[in-house]
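Each remark here refers to the structure printed beneath this line.
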Amino acid sequence: MGGPESFGAYLLFIVGAVLVNNILLAQFLGNCPFLGVSRRMDTATGMAMAVIFVITMAGMITYVVQYYLLVPLNLEYLQTIAFILVIAALVQLVEIVMQKSLPALYRALGIFLPLITTNCAVLGVALINIKKDLYFFDALVFSFASAAGYGLALVLFAGIRERFALARMPKVFEGTAIGLVTAGFLALAFRGFAGLAG
Amino acid sequence: MNHNLLTVSSSPHILGSMTVRSMHLELMVALLPALLTGVYFFGLPAAITVAIAVVAAVAAEWAACKIAKLPNRIDDLHSLTMGLMMGLVLPPGAPWWLPLIGSVLAVVLGKMIFGGLGAYPMNPVIIAWAALSISWPEQMNAFLAPVPIGSGGEWETATTFLMDLKDDVGLVMDPELGPLWWGNTPGAIGATGAWALIVGGLYLVIRGIVPWQIPLGTLLGAAAMALLASYIDPGVIEVELEGFAAHLDVVWLHLGTGGLMIAAFFLAPEPVSSPVTPWGMIIYGLGIGLMAVIVRFWGTMVDGVFYGVLLMNAVTPLLDRIRPRVLGKVMSSA
(Lines give C-alpha, C1' and ligand atoms only; values in the text may rest on other atoms or scores of the structure.)
Protein backbone atom coordinates (compact mmCIF):
# COMPACT_ATOMS: atom_id res chain seq x y z
CA MET A 1 0.00 0.00 0.00
CA GLY A 2 1.29 3.39 -0.84
CA GLY A 3 0.19 6.95 -1.11
CA PRO A 4 1.40 10.50 -0.57
CA GLU A 5 3.01 11.07 2.81
CA SER A 6 3.20 14.77 3.59
CA PHE A 7 0.75 17.60 3.07
CA GLY A 8 2.80 19.00 0.20
CA ALA A 9 2.94 15.61 -1.45
CA TYR A 10 -0.82 15.35 -1.02
CA LEU A 11 -1.33 18.66 -2.77
CA LEU A 12 0.85 17.49 -5.66
CA PHE A 13 -1.09 14.22 -5.71
CA ILE A 14 -4.31 16.16 -6.22
CA VAL A 15 -2.82 18.55 -8.80
CA GLY A 16 -1.41 15.54 -10.60
CA ALA A 17 -4.81 13.89 -10.83
CA VAL A 18 -6.68 17.05 -11.84
CA LEU A 19 -4.26 18.63 -14.31
CA VAL A 20 -1.07 16.75 -15.09
CA ASN A 21 -2.57 13.32 -15.65
CA ASN A 22 -5.94 14.71 -16.63
CA ILE A 23 -8.10 11.69 -17.28
CA LEU A 24 -9.44 13.21 -20.49
CA LEU A 25 -6.64 15.23 -22.00
CA ALA A 26 -3.58 13.27 -20.92
CA GLN A 27 -4.95 9.72 -20.72
CA PHE A 28 -7.70 10.13 -23.32
CA LEU A 29 -10.36 8.23 -21.39
CA GLY A 30 -14.03 9.07 -21.74
CA ASN A 31 -13.84 11.01 -25.00
CA CYS A 32 -17.29 9.94 -26.16
CA PRO A 33 -19.43 12.15 -23.89
CA PHE A 34 -16.66 14.75 -24.07
CA LEU A 35 -17.55 15.29 -27.72
CA GLY A 36 -21.20 14.40 -27.31
CA VAL A 37 -22.48 16.81 -24.68
CA SER A 38 -20.05 19.72 -25.02
CA ARG A 39 -21.99 21.79 -27.52
CA ARG A 40 -23.80 23.67 -24.80
CA MET A 41 -22.52 24.84 -21.46
CA ASP A 42 -25.55 23.73 -19.40
CA THR A 43 -25.46 20.14 -20.63
CA ALA A 44 -21.69 20.10 -20.12
CA THR A 45 -21.92 21.23 -16.50
CA GLY A 46 -24.76 18.78 -15.88
CA MET A 47 -22.71 15.97 -17.37
CA ALA A 48 -19.66 17.05 -15.36
CA MET A 49 -21.66 16.88 -12.12
CA ALA A 50 -23.11 13.48 -12.99
CA VAL A 51 -19.66 12.11 -13.87
CA ILE A 52 -18.07 13.53 -10.72
CA PHE A 53 -20.75 11.84 -8.62
CA VAL A 54 -20.50 8.51 -10.42
CA ILE A 55 -16.69 8.39 -10.50
CA THR A 56 -16.32 9.29 -6.82
CA MET A 57 -18.93 6.81 -5.66
CA ALA A 58 -17.69 4.13 -8.02
CA GLY A 59 -14.12 4.69 -6.85
CA MET A 60 -15.15 4.06 -3.25
CA ILE A 61 -17.50 1.14 -3.80
CA THR A 62 -15.27 -0.72 -6.24
CA TYR A 63 -12.42 -0.33 -3.75
CA VAL A 64 -14.50 -2.02 -1.07
CA VAL A 65 -15.66 -4.67 -3.52
CA GLN A 66 -12.10 -5.40 -4.57
CA TYR A 67 -10.51 -5.69 -1.12
CA TYR A 68 -13.39 -7.08 0.96
CA LEU A 69 -15.12 -9.29 -1.57
CA LEU A 70 -12.97 -10.27 -4.53
CA VAL A 71 -9.59 -10.65 -2.83
CA PRO A 72 -10.78 -12.72 0.18
CA LEU A 73 -12.74 -15.00 -2.12
CA ASN A 74 -9.91 -15.22 -4.68
CA LEU A 75 -12.21 -13.89 -7.36
CA GLU A 76 -9.99 -11.14 -8.77
CA TYR A 77 -10.63 -12.38 -12.28
CA LEU A 78 -14.21 -11.16 -11.91
CA GLN A 79 -12.95 -7.60 -11.36
CA THR A 80 -14.19 -6.12 -14.64
CA ILE A 81 -17.67 -7.60 -14.37
CA ALA A 82 -18.05 -6.68 -10.72
CA PHE A 83 -16.89 -3.09 -11.32
CA ILE A 84 -19.15 -2.62 -14.31
CA LEU A 85 -22.05 -3.90 -12.22
CA VAL A 86 -21.35 -1.32 -9.51
CA ILE A 87 -21.02 1.46 -12.08
CA ALA A 88 -24.21 0.45 -13.87
CA ALA A 89 -26.14 0.49 -10.61
CA LEU A 90 -24.78 3.95 -9.77
CA VAL A 91 -25.65 5.32 -13.19
CA GLN A 92 -29.15 3.93 -12.82
CA LEU A 93 -29.42 5.77 -9.52
CA VAL A 94 -28.29 9.04 -11.06
CA GLU A 95 -30.69 8.53 -13.92
CA ILE A 96 -33.71 7.97 -11.69
CA VAL A 97 -32.89 10.97 -9.50
CA MET A 98 -32.23 13.22 -12.48
CA GLN A 99 -35.38 12.16 -14.32
CA LYS A 100 -37.47 13.15 -11.32
CA SER A 101 -35.65 16.28 -10.19
CA LEU A 102 -34.03 17.73 -13.33
CA PRO A 103 -36.19 16.58 -16.23
CA ALA A 104 -34.88 19.32 -18.56
CA LEU A 105 -31.27 18.27 -18.07
CA TYR A 106 -32.30 14.63 -18.31
CA ARG A 107 -33.75 15.23 -21.76
CA ALA A 108 -30.79 17.38 -22.86
CA LEU A 109 -28.26 14.71 -21.93
CA GLY A 110 -30.32 12.05 -23.69
CA ILE A 111 -28.46 8.87 -24.50
CA PHE A 112 -25.22 10.13 -22.93
CA LEU A 113 -26.60 9.75 -19.42
CA PRO A 114 -27.08 5.95 -19.48
CA LEU A 115 -23.87 5.82 -21.50
CA ILE A 116 -21.89 6.93 -18.44
CA THR A 117 -22.01 3.20 -17.66
CA THR A 118 -19.67 2.60 -20.56
CA ASN A 119 -17.69 5.80 -19.97
CA CYS A 120 -14.16 4.44 -19.84
CA ALA A 121 -13.12 7.21 -17.47
CA VAL A 122 -15.27 5.72 -14.71
CA LEU A 123 -13.94 2.19 -15.04
CA GLY A 124 -10.50 3.66 -15.72
CA VAL A 125 -10.36 5.52 -12.42
CA ALA A 126 -11.66 2.48 -10.53
CA LEU A 127 -8.95 0.31 -12.07
CA ILE A 128 -6.18 2.89 -11.59
CA ASN A 129 -7.14 3.06 -7.89
CA ILE A 130 -6.45 -0.66 -7.56
CA LYS A 131 -3.37 -0.59 -9.78
CA LYS A 132 -1.80 2.26 -7.78
CA ASP A 133 -2.29 0.27 -4.56
CA LEU A 134 -3.77 3.27 -2.75
CA TYR A 135 -5.25 3.43 0.72
CA PHE A 136 -9.01 3.82 0.88
CA PHE A 137 -8.98 7.53 1.65
CA ASP A 138 -6.35 8.22 -1.01
CA ALA A 139 -8.43 6.28 -3.51
CA LEU A 140 -11.41 8.44 -2.60
CA VAL A 141 -9.40 11.64 -3.07
CA PHE A 142 -7.88 10.38 -6.30
CA SER A 143 -11.28 9.46 -7.70
CA PHE A 144 -12.73 12.83 -6.86
CA ALA A 145 -9.70 14.72 -8.22
CA SER A 146 -9.72 12.77 -11.46
CA ALA A 147 -13.42 13.39 -11.84
CA ALA A 148 -12.91 17.09 -11.14
CA GLY A 149 -10.27 17.12 -13.88
CA TYR A 150 -12.79 15.50 -16.19
CA GLY A 151 -15.35 18.13 -15.32
CA LEU A 152 -12.85 20.95 -15.77
CA ALA A 153 -11.83 19.76 -19.22
CA LEU A 154 -15.46 19.30 -20.21
CA VAL A 155 -16.46 22.80 -19.10
CA LEU A 156 -13.46 24.46 -20.79
CA PHE A 157 -14.22 22.56 -23.97
CA ALA A 158 -17.89 23.49 -23.89
CA GLY A 159 -16.97 27.16 -23.48
CA ILE A 160 -14.83 27.02 -26.60
CA ARG A 161 -17.34 25.03 -28.60
CA GLU A 162 -20.24 27.32 -27.79
CA ARG A 163 -18.42 30.04 -29.72
CA PHE A 164 -18.23 27.93 -32.86
CA ALA A 165 -21.92 28.58 -33.40
CA LEU A 166 -20.88 32.08 -34.49
CA ALA A 167 -17.98 31.08 -36.72
CA ARG A 168 -18.31 30.61 -40.44
CA MET A 169 -16.16 27.54 -40.77
CA PRO A 170 -15.87 25.32 -43.84
CA LYS A 171 -18.74 22.81 -44.05
CA VAL A 172 -16.51 19.75 -43.86
CA PHE A 173 -15.11 20.74 -40.48
CA GLU A 174 -18.36 21.56 -38.74
CA GLY A 175 -19.46 19.56 -35.71
CA THR A 176 -17.41 16.67 -34.46
CA ALA A 177 -14.48 17.28 -36.81
CA ILE A 178 -13.67 20.71 -35.42
CA GLY A 179 -14.47 19.34 -31.95
CA LEU A 180 -11.72 16.75 -32.30
CA VAL A 181 -9.26 19.36 -33.58
CA THR A 182 -10.07 21.60 -30.63
CA ALA A 183 -9.77 18.71 -28.20
CA GLY A 184 -6.31 18.15 -29.64
CA PHE A 185 -5.43 21.81 -29.02
CA LEU A 186 -6.66 21.50 -25.46
CA ALA A 187 -4.55 18.40 -24.94
CA LEU A 188 -1.60 20.34 -26.37
CA ALA A 189 -2.19 23.08 -23.81
CA PHE A 190 -2.34 20.54 -20.99
CA ARG A 191 1.00 19.14 -22.14
CA GLY A 192 2.52 22.18 -20.49
CA PHE A 193 1.83 20.64 -17.09
CA ALA A 194 4.08 17.68 -17.85
CA GLY A 195 6.35 16.78 -14.98
CA LEU A 196 4.75 19.15 -12.47
CA ALA A 197 3.52 16.34 -10.24
CA GLY A 198 3.33 12.59 -10.26
CA MET B 1 -27.16 74.74 -48.36
CA ASN B 2 -25.62 71.83 -46.59
CA HIS B 3 -27.56 68.61 -47.05
CA ASN B 4 -25.32 66.62 -44.76
CA LEU B 5 -26.68 68.27 -41.64
CA LEU B 6 -29.78 66.13 -41.54
CA THR B 7 -28.37 62.85 -42.71
CA VAL B 8 -29.65 59.96 -40.62
CA SER B 9 -27.52 56.84 -40.59
CA SER B 10 -27.12 53.74 -38.49
CA SER B 11 -24.27 53.37 -36.01
CA PRO B 12 -21.28 53.61 -35.82
CA HIS B 13 -21.55 57.37 -36.11
CA ILE B 14 -17.93 58.16 -35.33
CA LEU B 15 -15.53 56.26 -37.56
CA GLY B 16 -12.04 55.46 -36.37
CA SER B 17 -9.27 55.31 -38.89
CA MET B 18 -8.10 51.90 -37.68
CA THR B 19 -8.83 48.91 -39.88
CA VAL B 20 -7.79 45.30 -39.63
CA ARG B 21 -5.10 46.06 -42.17
CA SER B 22 -3.74 49.12 -40.40
CA MET B 23 -3.78 47.31 -37.06
CA HIS B 24 -1.64 44.52 -38.44
CA LEU B 25 0.64 47.06 -40.08
CA GLU B 26 1.24 48.70 -36.71
CA LEU B 27 1.72 45.31 -35.11
CA MET B 28 4.49 44.58 -37.58
CA VAL B 29 6.08 47.97 -36.99
CA ALA B 30 6.05 47.17 -33.27
CA LEU B 31 7.75 43.85 -33.95
CA LEU B 32 10.54 45.54 -35.92
CA PRO B 33 12.83 46.29 -32.95
CA ALA B 34 12.66 42.64 -31.88
CA LEU B 35 13.27 41.45 -35.43
CA LEU B 36 16.24 43.79 -35.87
CA THR B 37 17.73 42.72 -32.52
CA GLY B 38 17.37 39.11 -33.58
CA VAL B 39 19.00 39.72 -36.95
CA TYR B 40 21.76 41.78 -35.33
CA PHE B 41 22.70 38.99 -32.94
CA PHE B 42 21.92 35.95 -35.06
CA GLY B 43 22.65 37.32 -38.52
CA LEU B 44 21.74 35.52 -41.70
CA PRO B 45 20.37 32.29 -40.13
CA ALA B 46 17.77 34.34 -38.26
CA ALA B 47 16.85 36.36 -41.33
CA ILE B 48 16.39 33.22 -43.42
CA THR B 49 14.22 31.52 -40.80
CA VAL B 50 11.94 34.54 -40.49
CA ALA B 51 11.77 34.99 -44.26
CA ILE B 52 10.73 31.37 -44.83
CA ALA B 53 8.11 31.62 -42.10
CA VAL B 54 6.61 34.80 -43.55
CA VAL B 55 6.52 33.55 -47.14
CA ALA B 56 5.10 30.19 -46.08
CA ALA B 57 2.36 31.81 -44.01
CA VAL B 58 1.18 34.05 -46.82
CA ALA B 59 1.39 31.25 -49.36
CA ALA B 60 -0.55 28.93 -47.05
CA GLU B 61 -3.32 31.47 -46.60
CA TRP B 62 -3.51 32.05 -50.35
CA ALA B 63 -3.66 28.31 -51.04
CA ALA B 64 -6.21 27.67 -48.29
CA CYS B 65 -8.49 30.40 -49.63
CA LYS B 66 -8.16 28.97 -53.13
CA ILE B 67 -8.97 25.41 -52.03
CA ALA B 68 -11.90 26.45 -49.85
CA LYS B 69 -13.09 28.86 -52.59
CA LEU B 70 -13.13 31.75 -50.17
CA PRO B 71 -12.52 35.38 -51.10
CA ASN B 72 -8.85 36.11 -50.80
CA ARG B 73 -8.09 38.16 -47.68
CA ILE B 74 -4.32 38.27 -47.78
CA ASP B 75 -4.40 42.05 -47.91
CA ASP B 76 -5.62 42.25 -44.30
CA LEU B 77 -1.98 41.32 -43.54
CA HIS B 78 -2.97 38.88 -40.81
CA SER B 79 -1.11 35.95 -42.33
CA LEU B 80 1.96 38.14 -42.83
CA THR B 81 1.92 39.12 -39.15
CA MET B 82 1.42 35.50 -38.13
CA GLY B 83 4.35 34.42 -40.26
CA LEU B 84 6.53 37.10 -38.70
CA MET B 85 5.59 36.03 -35.17
CA MET B 86 6.08 32.39 -36.08
CA GLY B 87 9.59 33.16 -37.28
CA LEU B 88 10.36 35.15 -34.15
CA VAL B 89 9.53 32.32 -31.73
CA LEU B 90 11.71 29.79 -33.58
CA PRO B 91 15.41 29.23 -32.94
CA PRO B 92 17.72 30.97 -35.43
CA GLY B 93 19.25 28.70 -38.01
CA ALA B 94 16.47 26.13 -37.72
CA PRO B 95 16.32 23.68 -40.64
CA TRP B 96 14.36 25.24 -43.50
CA TRP B 97 11.35 22.95 -43.10
CA LEU B 98 10.75 23.96 -39.48
CA PRO B 99 9.47 27.50 -40.17
CA LEU B 100 7.71 26.16 -43.27
CA ILE B 101 5.74 23.51 -41.38
CA GLY B 102 5.19 25.88 -38.49
CA SER B 103 3.64 28.59 -40.63
CA VAL B 104 1.48 26.17 -42.59
CA LEU B 105 0.25 24.62 -39.34
CA ALA B 106 -0.48 28.03 -37.85
CA VAL B 107 -2.40 29.31 -40.86
CA VAL B 108 -4.22 26.18 -41.98
CA LEU B 109 -4.75 24.18 -38.79
CA GLY B 110 -4.78 27.06 -36.36
CA LYS B 111 -6.82 29.57 -38.30
CA MET B 112 -8.38 28.65 -41.65
CA ILE B 113 -10.27 25.52 -40.66
CA PHE B 114 -12.06 27.45 -37.95
CA GLY B 115 -13.26 29.96 -40.50
CA GLY B 116 -10.40 32.42 -40.68
CA LEU B 117 -9.59 35.55 -38.73
CA GLY B 118 -11.86 36.04 -35.74
CA ALA B 119 -13.02 32.47 -35.32
CA TYR B 120 -10.15 30.44 -33.90
CA PRO B 121 -10.18 29.55 -30.19
CA MET B 122 -6.44 29.66 -29.47
CA ASN B 123 -3.52 31.67 -30.74
CA PRO B 124 -2.55 29.84 -33.98
CA VAL B 125 1.11 30.80 -33.75
CA ILE B 126 1.43 29.17 -30.34
CA ILE B 127 -0.51 26.12 -31.47
CA ALA B 128 2.07 25.71 -34.24
CA TRP B 129 4.94 26.35 -31.86
CA ALA B 130 3.66 23.75 -29.38
CA ALA B 131 3.09 21.19 -32.15
CA LEU B 132 6.63 21.76 -33.44
CA SER B 133 8.29 21.60 -30.06
CA ILE B 134 6.55 18.33 -29.22
CA SER B 135 7.23 16.82 -32.65
CA TRP B 136 10.84 17.95 -33.13
CA PRO B 137 12.26 18.78 -29.69
CA GLU B 138 15.81 18.32 -30.95
CA GLN B 139 15.57 20.95 -33.68
CA MET B 140 13.45 23.27 -31.57
CA ASN B 141 16.08 23.28 -28.83
CA ALA B 142 19.11 23.78 -31.07
CA PHE B 143 19.90 27.44 -30.47
CA LEU B 144 22.86 29.46 -31.71
CA ALA B 145 25.32 31.44 -29.67
CA PRO B 146 24.93 35.11 -30.60
CA VAL B 147 27.47 36.59 -32.99
CA PRO B 148 26.74 40.30 -33.45
CA ILE B 149 26.97 41.50 -37.04
CA GLY B 150 30.51 42.60 -37.83
CA SER B 151 32.23 40.68 -35.04
CA GLY B 152 33.06 37.87 -37.45
CA GLY B 153 32.62 34.89 -35.17
CA GLU B 154 31.63 31.34 -36.08
CA TRP B 155 28.12 29.97 -35.56
CA GLU B 156 28.03 27.53 -32.67
CA THR B 157 25.09 25.74 -31.16
CA ALA B 158 24.35 26.71 -27.62
CA THR B 159 21.81 26.18 -24.86
CA THR B 160 19.57 28.94 -23.58
CA PHE B 161 19.84 30.33 -20.10
CA LEU B 162 16.59 28.70 -19.03
CA MET B 163 17.85 25.29 -20.20
CA ASP B 164 21.01 25.76 -18.16
CA LEU B 165 18.91 26.82 -15.22
CA LYS B 166 16.99 23.53 -15.38
CA ASP B 167 20.22 21.62 -14.90
CA ASP B 168 21.86 23.93 -12.43
CA VAL B 169 19.77 26.03 -10.07
CA GLY B 170 22.96 27.66 -8.78
CA LEU B 171 22.95 29.93 -11.83
CA VAL B 172 20.49 32.22 -10.08
CA MET B 173 23.27 33.10 -7.62
CA ASP B 174 25.07 35.62 -9.75
CA PRO B 175 23.05 36.17 -12.87
CA GLU B 176 24.39 38.31 -15.68
CA LEU B 177 21.28 40.32 -16.26
CA GLY B 178 22.82 42.61 -18.88
CA PRO B 179 23.14 40.19 -21.81
CA LEU B 180 19.83 38.57 -20.93
CA TRP B 181 17.91 41.82 -21.21
CA TRP B 182 19.96 43.18 -24.09
CA GLY B 183 19.45 40.06 -26.21
CA ASN B 184 23.06 38.95 -26.33
CA THR B 185 22.22 35.40 -25.30
CA PRO B 186 21.17 32.20 -27.08
CA GLY B 187 17.46 32.02 -27.62
CA ALA B 188 14.59 32.30 -30.08
CA ILE B 189 15.10 34.96 -32.75
CA GLY B 190 12.65 37.54 -31.52
CA ALA B 191 12.27 36.52 -27.91
CA THR B 192 15.72 37.31 -26.56
CA GLY B 193 15.84 41.09 -26.76
CA ALA B 194 13.54 41.89 -23.86
CA TRP B 195 14.05 45.64 -24.21
CA ALA B 196 13.12 45.61 -27.91
CA LEU B 197 9.90 43.75 -27.15
CA ILE B 198 9.07 46.22 -24.39
CA VAL B 199 9.64 49.16 -26.75
CA GLY B 200 7.38 47.60 -29.38
CA GLY B 201 4.85 46.53 -26.78
CA LEU B 202 4.62 49.97 -25.18
CA TYR B 203 4.00 51.47 -28.61
CA LEU B 204 1.07 49.10 -29.08
CA VAL B 205 -0.28 49.87 -25.61
CA ILE B 206 -0.09 53.62 -26.27
CA ARG B 207 -1.76 53.19 -29.65
CA GLY B 208 -4.53 51.26 -27.92
CA ILE B 209 -4.00 48.10 -29.96
CA VAL B 210 -2.95 46.08 -26.94
CA PRO B 211 -5.00 46.60 -23.76
CA TRP B 212 -2.59 47.37 -20.90
CA GLN B 213 -4.24 44.87 -18.57
CA ILE B 214 -2.90 41.78 -20.33
CA PRO B 215 0.85 42.58 -20.37
CA LEU B 216 0.63 44.05 -16.88
CA GLY B 217 -1.15 40.97 -15.56
CA THR B 218 1.31 38.63 -17.23
CA LEU B 219 4.39 40.43 -15.93
CA LEU B 220 2.89 40.82 -12.45
CA GLY B 221 1.92 37.15 -12.32
CA ALA B 222 5.38 36.05 -13.42
CA ALA B 223 7.15 38.42 -11.02
CA ALA B 224 5.01 37.42 -8.06
CA MET B 225 5.42 33.72 -8.75
CA ALA B 226 9.18 34.06 -9.27
CA LEU B 227 9.51 35.92 -5.98
CA LEU B 228 7.37 33.39 -4.14
CA ALA B 229 9.19 30.45 -5.72
CA SER B 230 12.59 31.88 -4.84
CA TYR B 231 11.48 31.81 -1.19
CA ILE B 232 9.75 28.46 -1.02
CA ASP B 233 11.56 26.22 -3.51
CA PRO B 234 14.09 24.00 -1.71
CA GLY B 235 16.26 23.90 -4.84
CA VAL B 236 16.78 27.62 -4.59
CA ILE B 237 17.10 27.77 -0.82
CA GLU B 238 19.96 25.31 -1.09
CA VAL B 239 22.04 27.93 -2.84
CA GLU B 240 20.93 30.45 -0.19
CA LEU B 241 19.97 33.72 -1.69
CA GLU B 242 20.92 36.48 0.71
CA GLY B 243 18.77 39.50 1.14
CA PHE B 244 15.81 40.78 -0.78
CA ALA B 245 18.00 42.08 -3.61
CA ALA B 246 19.11 38.57 -4.52
CA HIS B 247 15.49 37.44 -4.61
CA LEU B 248 14.65 40.42 -6.77
CA ASP B 249 17.40 39.34 -9.16
CA VAL B 250 15.53 36.07 -9.66
CA VAL B 251 12.50 38.12 -10.66
CA TRP B 252 14.45 40.22 -13.20
CA LEU B 253 15.98 37.04 -14.50
CA HIS B 254 12.65 35.40 -15.16
CA LEU B 255 11.09 38.51 -16.64
CA GLY B 256 13.92 38.96 -19.11
CA THR B 257 14.36 35.41 -20.35
CA GLY B 258 12.51 32.97 -22.51
CA GLY B 259 9.36 33.89 -24.32
CA LEU B 260 7.84 35.92 -21.50
CA MET B 261 8.09 39.36 -23.11
CA ILE B 262 6.96 38.35 -26.58
CA ALA B 263 4.09 36.43 -25.01
CA ALA B 264 3.10 39.28 -22.72
CA PHE B 265 3.05 42.01 -25.37
CA PHE B 266 2.36 40.21 -28.64
CA LEU B 267 1.07 36.66 -28.34
CA ALA B 268 -1.21 36.83 -25.30
CA PRO B 269 -3.11 40.03 -26.26
CA GLU B 270 -4.01 38.48 -29.60
CA PRO B 271 -7.43 40.09 -30.09
CA VAL B 272 -9.38 36.99 -31.13
CA SER B 273 -8.39 34.57 -28.41
CA SER B 274 -8.07 36.87 -25.39
CA PRO B 275 -10.86 38.05 -23.06
CA VAL B 276 -12.74 41.31 -23.64
CA THR B 277 -13.52 42.52 -20.12
CA PRO B 278 -10.91 44.44 -18.06
CA TRP B 279 -11.00 42.05 -15.11
CA GLY B 280 -11.03 39.08 -17.42
CA MET B 281 -7.88 40.43 -19.08
CA ILE B 282 -6.10 40.85 -15.75
CA ILE B 283 -6.96 37.32 -14.63
CA TYR B 284 -5.94 36.04 -18.06
CA GLY B 285 -2.56 37.75 -17.79
CA LEU B 286 -1.96 36.62 -14.22
CA GLY B 287 -2.68 33.03 -15.21
CA ILE B 288 -0.12 33.16 -18.02
CA GLY B 289 2.55 34.64 -15.77
CA LEU B 290 1.94 32.11 -13.00
CA MET B 291 1.99 29.18 -15.40
CA ALA B 292 5.18 30.42 -17.07
CA VAL B 293 7.19 30.51 -13.86
CA ILE B 294 5.64 27.40 -12.31
CA VAL B 295 6.71 25.35 -15.32
CA ARG B 296 10.17 26.93 -15.33
CA PHE B 297 10.70 25.95 -11.72
CA TRP B 298 9.00 22.58 -11.46
CA GLY B 299 7.91 21.30 -14.85
CA THR B 300 9.74 19.26 -17.45
CA MET B 301 9.23 21.87 -20.15
CA VAL B 302 11.90 24.54 -20.40
CA ASP B 303 9.51 27.45 -20.63
CA GLY B 304 5.85 27.41 -19.69
CA VAL B 305 4.80 30.78 -20.98
CA PHE B 306 3.47 29.61 -24.34
CA TYR B 307 1.62 26.74 -22.73
CA GLY B 308 0.27 29.27 -20.28
CA VAL B 309 -1.13 31.33 -23.15
CA LEU B 310 -2.76 28.24 -24.69
CA LEU B 311 -4.29 27.29 -21.38
CA MET B 312 -5.63 30.76 -20.68
CA ASN B 313 -6.95 30.91 -24.25
CA ALA B 314 -8.98 27.85 -23.34
CA VAL B 315 -10.29 29.65 -20.24
CA THR B 316 -11.12 32.81 -22.22
CA PRO B 317 -14.76 31.89 -22.97
CA LEU B 318 -15.30 31.43 -19.24
CA LEU B 319 -13.54 34.71 -18.41
CA ASP B 320 -15.82 36.47 -20.87
CA ARG B 321 -18.72 35.43 -18.67
CA ILE B 322 -17.49 37.95 -16.11
CA ARG B 323 -19.68 40.76 -17.28
CA PRO B 324 -20.37 44.17 -15.82
CA ARG B 325 -23.58 44.33 -13.86
CA VAL B 326 -26.50 45.50 -15.91
CA LEU B 327 -27.55 48.93 -14.66
CA GLY B 328 -31.10 49.14 -13.42
CA LYS B 329 -31.63 45.41 -13.35
CA VAL B 330 -33.28 44.28 -10.15
CA MET B 331 -31.63 41.25 -8.66
CA SER B 332 -34.23 38.64 -7.87
CA SER B 333 -34.23 37.57 -4.25
CA ALA B 334 -33.86 33.83 -4.27
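Just so we're on the same page: first chain in the C-alpha coordinates is A, next is B, and so on; residues restart at 1 for each chain, and ligands are numbered from 1 in the order they show up.
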
Query raised in the report: Using the chain letters and numbers from this document, which residues of stretch 162-284 of chain B does DSSP assign to alpha helix (DSSP H), as JSON, numbers by chain?
Result: {"B": [162, 163, 164, 165, 166, 167, 177, 178, 179, 180, 181, 182, 194, 195, 196, 197, 198, 199, 200, 201, 202, 203, 204, 205, 206, 207, 213, 214, 215, 216, 217, 218, 219, 220, 221, 222, 223, 224, 225, 226, 227, 228, 229, 230, 231, 232, 234, 235, 236, 237, 243, 244, 245, 246, 247, 248, 249, 250, 251, 252, 253, 254, 255, 256, 260, 261, 262, 278, 279, 280, 281, 282, 283, 284]}

Report task. Compile the residues of chain A that lie within 6 Å of chain B, evaluated using only C-alpha atoms, and express the compilation as a ChimeraX atom specification. Result -> /A:159,167-169,189,192,194-196

Write the residues you've just listed into a file as a tab-separated table (two decimals), in the first residue's frame, and include N, CA, C and O atoms for each of them.
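Contents of part15.tsv, as written:
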```tsv
chain	number	residue	atom	x	y	z
A	159	GLY	N	-17.09	25.72	-23.29
A	159	GLY	CA	-16.97	27.16	-23.48
A	159	GLY	C	-16.44	27.50	-24.85
A	159	GLY	O	-16.93	28.40	-25.53
A	167	ALA	N	-19.04	31.05	-35.72
A	167	ALA	CA	-17.98	31.08	-36.72
A	167	ALA	C	-18.47	30.52	-38.05
A	167	ALA	O	-19.29	29.62	-38.09
A	168	ARG	N	-17.94	31.13	-39.13
A	168	ARG	CA	-18.31	30.61	-40.44
A	168	ARG	C	-17.22	29.67	-40.92
A	168	ARG	O	-16.34	30.05	-41.69
A	169	MET	N	-17.25	28.46	-40.42
A	169	MET	CA	-16.16	27.54	-40.77
A	169	MET	C	-16.57	26.71	-41.99
A	169	MET	O	-17.75	26.59	-42.30
A	189	ALA	N	-2.36	22.11	-24.88
A	189	ALA	CA	-2.19	23.08	-23.81
A	189	ALA	C	-1.89	22.38	-22.49
A	189	ALA	O	-1.05	22.82	-21.72
A	192	GLY	N	1.64	21.29	-21.22
A	192	GLY	CA	2.52	22.18	-20.49
A	192	GLY	C	2.70	21.78	-19.04
A	192	GLY	O	3.70	22.11	-18.41
A	194	ALA	N	3.29	18.91	-17.98
A	194	ALA	CA	4.08	17.68	-17.85
A	194	ALA	C	5.18	17.82	-16.80
A	194	ALA	O	5.90	18.80	-16.76
A	195	GLY	N	5.26	16.82	-15.95
A	195	GLY	CA	6.35	16.78	-14.98
A	195	GLY	C	6.12	17.60	-13.73
A	195	GLY	O	6.95	17.61	-12.83
A	196	LEU	N	4.97	18.31	-13.66
A	196	LEU	CA	4.75	19.15	-12.47
A	196	LEU	C	4.48	18.32	-11.23
A	196	LEU	O	4.85	18.69	-10.14
```

Report task. With a distance cut-off of 8 Å and only C-alpha atoms, select the neighbouring residues of B:Ala222, excluding the residue or stretch itself and same-chain residues fewer than 5 positions from it, and output the selection as a count of residues only. Result -> 10

Report task. Show which residues sit within 10 Å of A:Gln27, as a list in words. Count only C-alpha atoms, and ignore same-chain residues fewer than 4 positions away. Result -> Val20, Asn21, Asn22, Ile23, Asn31, Ala121, Gly124 and Ala187 of chain A

Report task. Write out as a ChimeraX atom specification the residues lying within 12 Å of B:Val210, counting only C-alpha atoms and excluding same-chain residues fewer than 2 positions away. Result -> /B:23-24,26-27,30,200-208,212-216,264-272,274-276,281

Query raised in the report: Nearest to A:Leu25 among A:Leu152, A:Ile128, A:Leu166, A:Val64, with distances taken over only C-alpha atoms: which residue is it?
Result: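 Of A:Leu152, A:Ile128, A:Leu166, A:Val64, the one nearest A:Leu25 is A:Leu152, counting only C-alpha atoms.
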